[in-house]
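Chemist: Dropping in protein12.cif, with mmCIF, C-alpha atoms.
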data_data
#
loop_
_atom_site.label_atom_id
_atom_site.label_comp_id
_atom_site.auth_asym_id
_atom_site.auth_seq_id
_atom_site.Cartn_x
_atom_site.Cartn_y
_atom_site.Cartn_z
CA MET X 95 0.00 0.00 0.00
CA ALA X 96 1.32 3.44 -0.92
CA ARG X 97 1.99 5.98 1.78
CA VAL X 98 2.23 9.72 1.17
CA PHE X 99 4.21 12.11 3.34
CA SER X 100 3.66 15.86 2.98
CA LEU X 101 5.93 17.95 5.13
CA SER X 102 8.34 20.85 5.42
CA ILE X 103 12.00 20.29 6.11
CA HIS X 104 14.97 22.42 7.10
CA PRO X 105 17.69 22.23 4.41
CA THR X 106 20.53 21.63 6.89
CA ARG X 107 18.84 19.02 9.07
CA PHE X 108 16.33 17.18 6.86
CA SER X 109 16.95 13.71 8.32
CA ARG X 110 16.03 14.78 11.84
CA ASP X 111 12.98 16.74 10.65
CA LEU X 112 11.74 13.77 8.65
CA HIS X 113 12.24 11.40 11.56
CA ALA X 114 10.24 13.66 13.85
CA LEU X 115 7.38 13.23 11.39
CA GLN X 116 7.84 9.45 11.45
CA VAL X 117 9.21 8.98 7.95
CA PRO X 118 11.19 5.70 8.07
CA GLN X 119 14.94 6.31 7.95
CA LEU X 120 15.67 3.11 6.05
CA PHE X 121 13.40 4.37 3.27
CA LEU X 122 15.22 7.70 3.18
CA LYS X 123 18.53 5.90 2.62
CA ASN X 124 17.17 4.54 -0.66
CA LEU X 125 16.33 7.94 -2.12
CA PRO X 126 18.49 9.26 -4.98
CA GLU X 127 21.50 11.27 -3.86
CA ASN X 128 20.13 14.44 -5.45
CA PHE X 129 16.67 14.10 -3.89
CA PHE X 130 17.29 16.86 -1.38
CA ARG X 131 19.19 19.14 -3.74
CA LEU X 132 16.18 21.42 -3.98
CA SER X 133 16.06 25.10 -4.76
CA TYR X 134 15.35 27.35 -1.85
CA GLY X 135 15.75 31.02 -1.10
CA ALA X 136 16.80 31.93 2.41
CA ARG X 137 19.35 29.61 3.96
CA ARG X 138 17.11 28.81 6.94
CA SER X 139 13.79 28.56 5.14
CA TYR X 140 11.75 25.35 5.26
CA ILE X 141 11.07 23.38 2.08
CA PRO X 142 7.71 21.72 1.35
CA VAL X 143 8.17 18.11 0.20
CA THR X 144 5.78 15.34 -0.76
CA ILE X 145 7.01 11.73 -0.69
CA MET X 146 5.18 8.67 -1.96
CA ALA X 147 6.49 5.21 -1.11
CA THR X 148 4.87 2.01 -2.27
CA THR X 149 7.07 -0.64 -0.69
CA LEU X 150 8.28 0.73 2.64
CA GLN X 151 7.98 -2.44 4.70
CA PRO X 152 9.73 -4.79 2.25
CA GLN X 153 12.59 -2.31 1.88
CA CYS X 154 13.03 -2.09 5.65
CA SER X 155 12.93 -5.83 6.10
CA LYS X 156 15.28 -6.51 3.24
CA SER X 157 17.78 -3.86 4.33
CA THR X 158 18.03 -5.08 7.90
CA SER X 159 17.57 -8.83 7.71
CA HIS X 160 20.77 -9.53 5.78
CA PHE X 161 23.15 -7.38 7.79
CA PHE X 162 21.81 -6.57 11.25
CA SER X 163 20.64 -8.51 14.30
CA THR X 164 17.12 -7.09 14.50
CA LYS X 165 15.87 -10.23 16.20
CA PRO X 166 17.69 -10.81 19.51
CA SER X 167 18.92 -14.22 20.58
CA ASN X 168 17.54 -15.78 23.74
CA GLU X 169 20.82 -14.99 25.48
CA VAL X 170 20.61 -11.32 24.51
CA LEU X 171 17.00 -11.13 25.68
CA GLU X 172 17.91 -12.71 29.00
CA ILE X 173 20.66 -10.15 29.62
CA TRP X 174 18.36 -7.30 28.57
CA ARG X 175 15.60 -8.39 30.93
CA ASN X 176 17.93 -8.79 33.90
CA ALA X 177 20.36 -5.89 33.48
CA ASP X 178 21.43 -4.07 36.62
CA ALA X 179 22.08 -0.88 34.67
CA VAL X 180 21.45 0.55 31.20
CA CYS X 181 23.58 3.35 29.75
CA PHE X 182 22.12 5.47 26.97
CA ASP X 183 23.85 7.67 24.46
CA VAL X 184 22.02 10.98 24.17
CA ASP X 185 22.44 12.52 20.71
CA SER X 186 20.48 10.71 17.98
CA THR X 187 19.40 8.16 20.60
CA VAL X 188 17.61 9.59 23.62
CA CYS X 189 17.14 12.79 21.62
CA LEU X 190 16.21 13.21 17.96
CA HIS X 191 19.12 15.52 17.26
CA GLU X 192 22.88 15.84 17.60
CA GLY X 193 23.20 18.51 20.26
CA ILE X 194 26.41 20.09 19.00
CA ASP X 195 24.98 20.24 15.47
CA GLU X 196 21.87 22.00 16.76
CA LEU X 197 23.91 24.49 18.77
CA ALA X 198 26.18 25.12 15.79
CA ASP X 199 23.18 25.65 13.52
CA PHE X 200 21.78 28.12 16.04
CA CYS X 201 25.12 29.96 15.91
CA GLY X 202 25.29 29.87 12.10
CA ALA X 203 27.76 27.02 11.50
CA GLY X 204 25.45 24.02 11.18
CA LYS X 205 26.60 22.45 7.92
CA ALA X 206 30.33 22.49 8.60
CA VAL X 207 29.92 21.12 12.12
CA SER X 208 27.50 18.40 10.97
CA GLU X 209 30.13 17.05 8.56
CA TRP X 210 32.61 16.73 11.43
CA THR X 211 29.98 15.00 13.57
CA ASN X 212 29.53 12.31 10.94
CA LYS X 213 33.28 11.71 10.92
CA ALA X 214 33.35 11.43 14.71
CA MET X 215 30.40 9.03 14.92
CA SER X 216 31.73 6.79 12.17
CA GLY X 217 35.03 6.49 14.01
CA SER X 218 37.06 7.82 11.07
CA VAL X 219 38.81 10.49 13.19
CA PRO X 220 39.72 10.56 16.90
CA PHE X 221 36.79 11.90 18.91
CA GLU X 222 38.80 14.57 20.74
CA GLU X 223 40.09 15.91 17.41
CA ALA X 224 36.58 16.09 15.98
CA LEU X 225 35.20 17.74 19.13
CA ALA X 226 37.87 20.45 19.17
CA ALA X 227 37.49 21.05 15.43
CA ARG X 228 33.72 21.41 15.68
CA LEU X 229 33.83 23.85 18.58
CA SER X 230 36.51 25.94 16.87
CA LEU X 231 34.14 26.53 13.96
CA PHE X 232 31.72 28.61 16.03
CA SER X 233 33.11 29.11 19.59
CA PRO X 234 29.76 29.53 21.37
CA SER X 235 29.52 32.11 24.14
CA LEU X 236 27.68 31.47 27.40
CA LEU X 237 24.97 33.91 26.30
CA GLN X 238 24.48 32.02 23.02
CA LEU X 239 24.25 28.72 24.89
CA GLN X 240 21.65 30.08 27.29
CA ASP X 241 19.67 31.58 24.42
CA PHE X 242 19.83 28.25 22.58
CA LEU X 243 18.56 26.30 25.59
CA ASP X 244 15.64 28.73 25.97
CA LYS X 245 14.62 28.67 22.32
CA ARG X 246 15.34 25.04 21.37
CA PRO X 247 14.28 22.65 24.14
CA PRO X 248 15.30 18.97 23.82
CA ARG X 249 13.27 16.77 21.45
CA LEU X 250 13.04 13.28 22.88
CA SER X 251 12.89 10.18 20.70
CA PRO X 252 9.47 8.51 20.61
CA GLY X 253 9.08 5.89 23.33
CA ILE X 254 12.22 6.78 25.31
CA ALA X 255 10.37 8.20 28.32
CA GLU X 256 8.19 5.10 28.56
CA LEU X 257 11.19 2.79 28.28
CA ILE X 258 13.15 4.59 30.98
CA ASN X 259 10.13 4.60 33.29
CA LYS X 260 9.78 0.86 32.77
CA LEU X 261 13.47 0.27 33.50
CA LYS X 262 13.32 2.33 36.68
CA ALA X 263 10.17 0.50 37.78
CA SER X 264 12.14 -2.76 37.59
CA ASN X 265 14.97 -1.23 39.70
CA THR X 266 17.33 -0.95 36.75
CA ASP X 267 19.65 2.05 37.08
CA VAL X 268 19.75 4.39 34.08
CA TYR X 269 22.69 6.53 32.95
CA LEU X 270 23.27 9.08 30.20
CA ILE X 271 26.73 8.85 28.64
CA SER X 272 27.45 11.39 25.95
CA GLY X 273 30.15 13.10 23.98
CA GLY X 274 27.82 16.10 24.09
CA PHE X 275 27.72 18.76 26.74
CA ARG X 276 26.52 18.55 30.30
CA GLN X 277 24.83 21.96 30.09
CA MET X 278 22.61 20.66 27.26
CA ILE X 279 22.01 17.22 28.75
CA LYS X 280 20.85 18.30 32.22
CA PRO X 281 17.43 19.42 30.87
CA VAL X 282 17.05 16.00 29.21
CA ALA X 283 17.91 14.18 32.43
CA LEU X 284 15.49 16.38 34.38
CA GLN X 285 12.70 15.61 31.92
CA LEU X 286 13.35 11.86 32.20
CA GLY X 287 13.84 11.76 35.96
CA ILE X 288 17.51 10.74 35.76
CA PRO X 289 19.67 12.07 38.62
CA GLY X 290 22.46 14.49 37.75
CA GLU X 291 25.12 12.16 39.14
CA ASN X 292 24.13 9.63 36.46
CA ILE X 293 25.25 11.97 33.67
CA PHE X 294 28.68 11.42 32.13
CA ALA X 295 29.33 14.09 29.51
CA ASN X 296 31.58 16.93 28.47
CA GLN X 297 31.63 20.38 30.01
CA LEU X 298 31.89 23.62 28.06
CA LEU X 299 34.17 26.17 29.71
CA PHE X 300 33.59 29.94 29.72
CA GLY X 301 35.52 32.94 30.96
CA SER X 302 34.39 35.58 33.44
CA SER X 303 32.71 37.54 30.65
CA GLY X 304 30.99 34.47 29.18
CA GLU X 305 33.51 34.02 26.39
CA PHE X 306 34.18 30.51 25.13
CA LEU X 307 37.37 28.94 26.48
CA GLY X 308 37.08 25.31 25.38
CA PHE X 309 35.98 22.11 27.04
CA ASP X 310 37.07 20.15 30.08
CA THR X 311 39.58 17.59 28.84
CA THR X 312 39.47 15.66 32.13
CA GLU X 313 35.97 14.33 31.45
CA PHE X 314 35.85 10.66 30.47
CA THR X 315 33.93 11.38 27.27
CA SER X 316 36.25 14.12 26.01
CA ARG X 317 38.44 11.62 24.14
CA SER X 318 38.29 8.49 22.01
CA GLY X 319 37.39 5.44 24.07
CA GLY X 320 35.97 7.70 26.77
CA LYS X 321 32.53 6.15 26.85
CA ALA X 322 34.09 2.74 27.40
CA VAL X 323 36.13 4.13 30.30
CA ALA X 324 33.00 5.77 31.75
CA VAL X 325 31.08 2.48 31.57
CA GLN X 326 33.95 0.60 33.19
CA HIS X 327 34.04 3.21 35.95
CA ILE X 328 30.29 2.96 36.55
CA ARG X 329 30.40 -0.82 36.69
CA LYS X 330 33.36 -0.91 39.05
CA VAL X 331 32.01 1.73 41.45
CA HIS X 332 28.55 0.17 41.71
CA GLY X 333 29.50 -3.48 41.33
CA TYR X 334 26.92 -4.18 38.63
CA LYS X 335 26.77 -7.78 37.47
CA SER X 336 25.29 -6.87 34.10
CA LEU X 337 25.29 -3.60 32.18
CA ILE X 338 24.06 -2.63 28.71
CA MET X 339 25.03 0.23 26.39
CA ILE X 340 22.51 1.65 23.90
CA GLY X 341 23.48 4.13 21.20
CA ASP X 342 23.99 4.80 17.52
CA GLY X 343 27.70 5.50 17.08
CA ALA X 344 31.14 3.93 17.06
CA THR X 345 31.93 5.53 20.42
CA ASP X 346 28.95 3.66 21.93
CA LEU X 347 30.04 0.37 20.40
CA GLU X 348 33.43 0.79 22.09
CA ALA X 349 31.75 0.45 25.49
CA ARG X 350 31.18 -3.27 24.91
CA MET X 351 34.40 -4.65 26.34
CA PRO X 352 35.68 -6.66 29.33
CA GLY X 353 34.75 -4.82 32.49
CA GLY X 354 32.41 -2.59 30.49
CA ALA X 355 29.08 -3.29 28.80
CA ASP X 356 27.94 -6.89 28.34
CA LEU X 357 25.80 -5.94 25.35
CA PHE X 358 25.69 -3.17 22.79
CA ILE X 359 22.25 -2.40 21.40
CA CYS X 360 22.33 -0.19 18.33
CA TYR X 361 19.45 2.28 18.11
CA GLY X 362 18.77 3.16 14.48
CA GLY X 363 15.55 5.11 14.90
CA VAL X 364 17.19 8.44 14.07
CA LEU X 365 20.21 7.46 11.99
CA LEU X 366 21.28 3.91 11.25
CA ARG X 367 25.06 3.68 10.84
CA GLU X 368 25.62 0.42 9.01
CA ALA X 369 29.21 -0.14 10.15
CA VAL X 370 28.10 0.18 13.78
CA ALA X 371 24.89 -1.80 13.40
CA ALA X 372 26.75 -4.69 11.80
CA LYS X 373 28.72 -5.24 15.03
CA ALA X 374 25.82 -4.81 17.46
CA ASP X 375 24.28 -7.57 19.54
CA TRP X 376 20.84 -6.25 18.69
CA VAL X 377 19.58 -3.50 16.38
CA VAL X 378 16.30 -1.72 17.15
CA LEU X 379 14.54 0.96 15.15
CA SER X 380 12.06 1.80 17.89
CA PHE X 381 12.29 2.04 21.66
CA GLU X 382 8.93 0.34 21.77
CA ASP X 383 10.72 -2.87 20.74
CA LEU X 384 12.89 -2.67 23.84
CA SER X 385 9.94 -1.88 26.09
CA ASN X 386 7.97 -4.80 24.73
CA ALA X 387 10.91 -7.15 25.25
CA LEU X 388 11.04 -6.44 28.98
CA LYS X 389 9.19 -8.82 31.28
#
As structure tokens - that is how I would like this structure written.
Modeler:
Amino acid sequence: MARVFSLSIHPTRFSRDLHALQVPQLFLKNLPENFFRLSYGARRSYIPVTIMATTLQPQCSKSTSHFFSTKPSNEVLEIWRNADAVCFDVDSTVCLHEGIDELADFCGAGKAVSEWTNKAMSGSVPFEEALAARLSLFSPSLLQLQDFLDKRPPRLSPGIAELINKLKASNTDVYLISGGFRQMIKPVALQLGIPGENIFANQLLFGSSGEFLGFDTTEFTSRSGGKAVAVQHIRKVHGYKSLIMIGDGATDLEARMPGGADLFICYGGVLLREAVAAKADWVVLSFEDLSNALK
């Protein structure tokens, strides 16, 4: 059966806008490369688009069944249902957007920063190099950050609040581990009822006049392999017998290691990175799948 999507998209962040309107990402991957090379006037204007797809479900099934573990094994399900703690990535996982990309777009450097983000998440450049390069492109002031937080509140992924509530109800501890910034993640944690001490993220640094100084390089997540170190730290401090990492990027995958996460679940509901998904224990396109799999 054909499905028609009529919507408006922002030219520099069409994938996130489409996802927010529930257009399947796996379908979008099959569009011609020049599909979004549309004429528009003002740089920040929104473009009206109509999409008709006649075979969405077969394309999704075919794309995932040959390469990704969309159906968990009994062992994976058992670990998921009995985990002591679950660690979530934030950008493009808990939230529909990449926080640094959104902040950069707000400050007028969205496209250039987004390209660096893709490099960082694919693992093609060291994370700390990509983070420093992205921030240097727009050097946000404290005033700009505060203005951004006021005007662009977090957009949560569908089903994430319900999943986290279900995990907490079963006495599973929940953490947010991100290469993003603590100042932008605290509102997310507050909305989801996650305590501040369960946030492991980077910290933007500002001078006495609010000028940008850089980021705190002592944070676990400020460097490549940092999420893995954060997960190891969490597990050691709390003595968890089983711990799971959920995210979309190569830095999340790194957390699955001895002394770290027992499982890596790849969330592809915002952006499915094939190289990451291929190595995951389980790939989900909806948080509802994870909620339904709990006892």
Chemist: Counting only C-alpha atoms, what are the residues of segment 154-248 of chain X within 7 Å of segment 317-320 of chain X, and for each of them which pair of atoms is the nearest and at what distance in Å, to one decimal? Sort the table by chain and rising number, as JSON lines.
Modeler:
{"residue": "X:Pro220", "atom": "CA", "partner": "X:Ser318", "partner_atom": "CA", "distance": 5.7}
{"residue": "X:Phe221", "atom": "CA", "partner": "X:Ser318", "partner_atom": "CA", "distance": 4.8}
{"residue": "X:Glu222", "atom": "CA", "partner": "X:Arg317", "partner_atom": "CA", "distance": 4.5}
Chemist: Hey, what's within 12 Å of Ala369 of chain X if we count all atoms listed in the file and toss same-chain stuff fewer than 2 positions away? As an mmCIF file with C-alpha atoms, in the coordinates of the input, please?
Modeler:
data_model
loop_
_atom_site.group_PDB
_atom_site.id
_atom_site.type_symbol
_atom_site.label_atom_id
_atom_site.label_comp_id
_atom_site.auth_asym_id
_atom_site.auth_seq_id
_atom_site.Cartn_x
_atom_site.Cartn_y
_atom_site.Cartn_z
ATOM 1 C CA PHE X 161 23.150 -7.380 7.790
ATOM 2 C CA PHE X 162 21.810 -6.570 11.250
ATOM 3 C CA MET X 215 30.400 9.030 14.920
ATOM 4 C CA SER X 216 31.730 6.790 12.170
ATOM 5 C CA GLY X 217 35.030 6.490 14.010
ATOM 6 C CA SER X 218 37.060 7.820 11.070
ATOM 7 C CA ASP X 342 23.990 4.800 17.520
ATOM 8 C CA GLY X 343 27.700 5.500 17.080
ATOM 9 C CA ALA X 344 31.140 3.930 17.060
ATOM 10 C CA LEU X 347 30.040 0.370 20.400
ATOM 11 C CA CYS X 360 22.330 -0.190 18.330
ATOM 12 C CA GLY X 362 18.770 3.160 14.480
ATOM 13 C CA LEU X 365 20.210 7.460 11.990
ATOM 14 C CA LEU X 366 21.280 3.910 11.250
ATOM 15 C CA ARG X 367 25.060 3.680 10.840
ATOM 16 C CA ALA X 371 24.890 -1.800 13.400
ATOM 17 C CA ALA X 372 26.750 -4.690 11.800
ATOM 18 C CA LYS X 373 28.720 -5.240 15.030
ATOM 19 C CA ALA X 374 25.820 -4.810 17.460
ATOM 20 C CA VAL X 377 19.580 -3.500 16.380
#
Chemist: Would you mind reading off the distance between atom CA of Pro289 of chain X and atom CA of Arg329 of chain X, one decimal, in Å?
Modeler: 16.9 Å
Chemist: With distances taken over all atoms listed in the file, which residue among X:Ser302, X:Phe182, X:Ala255, X:Gly341 lies nearest Leu379 of chain X?
Modeler: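 Counting all atoms listed in the file, the residue closest to Leu379 of chain X is X:Gly341.
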Chemist: Have a look at X:Ala226, X:Ile338, X:Val180, X:Leu284 and name the one nearest to Leu298 of chain X; count only C-alpha atoms.
Modeler: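 Ranking X:Ala226, X:Ile338, X:Val180, X:Leu284 by distance to Leu298 of chain X, first place goes to X:Ala226.
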Chemist: In Å to one decimal, how far is atom CA of Pro252 of chain X from atom CA of Ala206 of chain X?
Modeler: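 Value for the atom CA of Ala206 of chain X-atom CA of Pro252 of chain X distance: 27.8 Å.
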Chemist: Find the spatial neighbours of Asn259 of chain X, counting only C-alpha atoms, within a cut-off of 12 Å - ignore same-chain residues fewer than 3 positions away - and output them as a PyMOL selection string.
Modeler: chain X and resi 253-256+262-268+285-288+385+388
Chemist: Could you write those residues out with C-alpha atoms, as a tab-separated table (two decimals), keeping the file's coordinate frame?
Modeler:
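File again_13.tsv, as written:
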chain	number	residue	atom	x	y	z
X	253	GLY	CA	9.08	5.89	23.33
X	254	ILE	CA	12.22	6.78	25.31
X	255	ALA	CA	10.37	8.20	28.32
X	256	GLU	CA	8.19	5.10	28.56
X	262	LYS	CA	13.32	2.33	36.68
X	263	ALA	CA	10.17	0.50	37.78
X	264	SER	CA	12.14	-2.76	37.59
X	265	ASN	CA	14.97	-1.23	39.70
X	266	THR	CA	17.33	-0.95	36.75
X	267	ASP	CA	19.65	2.05	37.08
X	268	VAL	CA	19.75	4.39	34.08
X	285	GLN	CA	12.70	15.61	31.92
X	286	LEU	CA	13.35	11.86	32.20
X	287	GLY	CA	13.84	11.76	35.96
X	288	ILE	CA	17.51	10.74	35.76
X	385	SER	CA	9.94	-1.88	26.09
X	388	LEU	CA	11.04	-6.44	28.98
Chemist: Let me make sure I understand: among X:Val219, X:Val370, X:Ala227, X:Leu270, which one has the smallest atom-to-atom distance to Ile258 of chain X if we use all atoms listed in the file?
Modeler: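 Using all atoms listed in the file, the shortest distance to Ile258 of chain X belongs to X:Leu270.
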Chemist: So which one's closest to Ser316 of chain X, X:Ile194, X:Leu337, X:Val378, X:Ala224? Using all atoms listed in the file, please.
Modeler: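 Under the stated criterion, the closest residue is X:Ala224.
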Chemist: Quick one: which residues end up in the PyMOL selection byres ((chain X and resi 189) around 8) for this structure, as a PyMOL selection string?
Modeler: chain X and resi 184-188+190-192+248-251
Chemist: What's the 12 Å shell around Arg246 of chain X, counting all atoms listed in the file, without same-chain residues fewer than 3 positions away, as a ChimeraX atom specification?
Modeler: /X:191,193,196-197,199-200,238-243,249,278,281
Chemist: Please indicate the distance in Å from atom CA of Tyr269 of chain X to atom CA of Gly304 of chain X, rounded to one decimal place.
Modeler: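 Straight-line distance from atom CA of Tyr269 of chain X to atom CA of Gly304 of chain X works out to 29.4 Å.
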Chemist: Applied to this file, what does the PyMOL selection byres ((chain X and resi 229) around 9) return in terms of residues, put as a ChimeraX atom specification?
Modeler: /X:194,198,207,224-228,230-234,308-309
Chemist: Measuring between all atoms listed in the file, which one of X:Leu384, X:Leu237, X:Lys245, X:Arg175 shows the shortest distance to Glu305 of chain X?
Modeler: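 Smallest separation from Glu305 of chain X among the options: X:Leu237.
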Chemist: At a cut-off of 6 Å, using all atoms listed in the file, what residues contact Gly274 of chain X? Leave out same-chain residues fewer than 2 positions from it and give the result as a list in words.
Modeler: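 Final neighbour list, sorted by chain and number: Ser272, Ala295 and Asn296 of chain X.
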Chemist: Is there a way to complete segment 360-372 of chain X with N, CA, C and O atoms and then write that out as a tab-separated table (two decimals), keeping the file's coordinate frame?
Modeler:
chain	number	residue	atom	x	y	z
X	360	CYS	N	22.27	-1.32	19.25
X	360	CYS	CA	22.33	-0.19	18.33
X	360	CYS	C	20.93	0.35	18.09
X	360	CYS	O	20.04	-0.38	17.64
X	361	TYR	N	20.74	1.64	18.38
X	361	TYR	CA	19.45	2.28	18.11
X	361	TYR	C	19.53	3.01	16.77
X	361	TYR	O	20.33	3.94	16.61
X	362	GLY	N	18.74	2.57	15.81
X	362	GLY	CA	18.77	3.16	14.48
X	362	GLY	C	17.53	3.96	14.14
X	362	GLY	O	17.26	4.20	12.97
X	363	GLY	N	16.79	4.39	15.15
X	363	GLY	CA	15.55	5.11	14.90
X	363	GLY	C	15.73	6.52	14.39
X	363	GLY	O	14.81	7.10	13.81
X	364	VAL	N	16.90	7.10	14.59
X	364	VAL	CA	17.19	8.44	14.07
X	364	VAL	C	18.13	8.33	12.88
X	364	VAL	O	17.85	8.85	11.80
X	365	LEU	N	19.24	7.66	13.07
X	365	LEU	CA	20.21	7.46	11.99
X	365	LEU	C	20.87	6.11	12.16
X	365	LEU	O	21.49	5.84	13.19
X	366	LEU	N	20.71	5.25	11.19
X	366	LEU	CA	21.28	3.91	11.25
X	366	LEU	C	22.65	3.90	10.57
X	366	LEU	O	22.76	4.07	9.36
X	367	ARG	N	23.69	3.73	11.36
X	367	ARG	CA	25.06	3.68	10.84
X	367	ARG	C	25.41	2.22	10.60
X	367	ARG	O	25.60	1.45	11.55
X	368	GLU	N	25.50	1.83	9.36
X	368	GLU	CA	25.62	0.42	9.01
X	368	GLU	C	26.85	-0.24	9.62
X	368	GLU	O	26.78	-1.38	10.09
X	369	ALA	N	27.99	0.45	9.61
X	369	ALA	CA	29.21	-0.14	10.15
X	369	ALA	C	29.08	-0.44	11.64
X	369	ALA	O	29.64	-1.42	12.14
X	370	VAL	N	28.33	0.39	12.35
X	370	VAL	CA	28.10	0.18	13.78
X	370	VAL	C	27.06	-0.91	14.00
X	370	VAL	O	27.25	-1.82	14.81
X	371	ALA	N	25.98	-0.83	13.25
X	371	ALA	CA	24.89	-1.80	13.40
X	371	ALA	C	25.36	-3.22	13.12
X	371	ALA	O	24.91	-4.18	13.76
X	372	ALA	N	26.28	-3.37	12.18
X	372	ALA	CA	26.75	-4.69	11.80
X	372	ALA	C	27.47	-5.40	12.95
X	372	ALA	O	27.55	-6.64	12.97
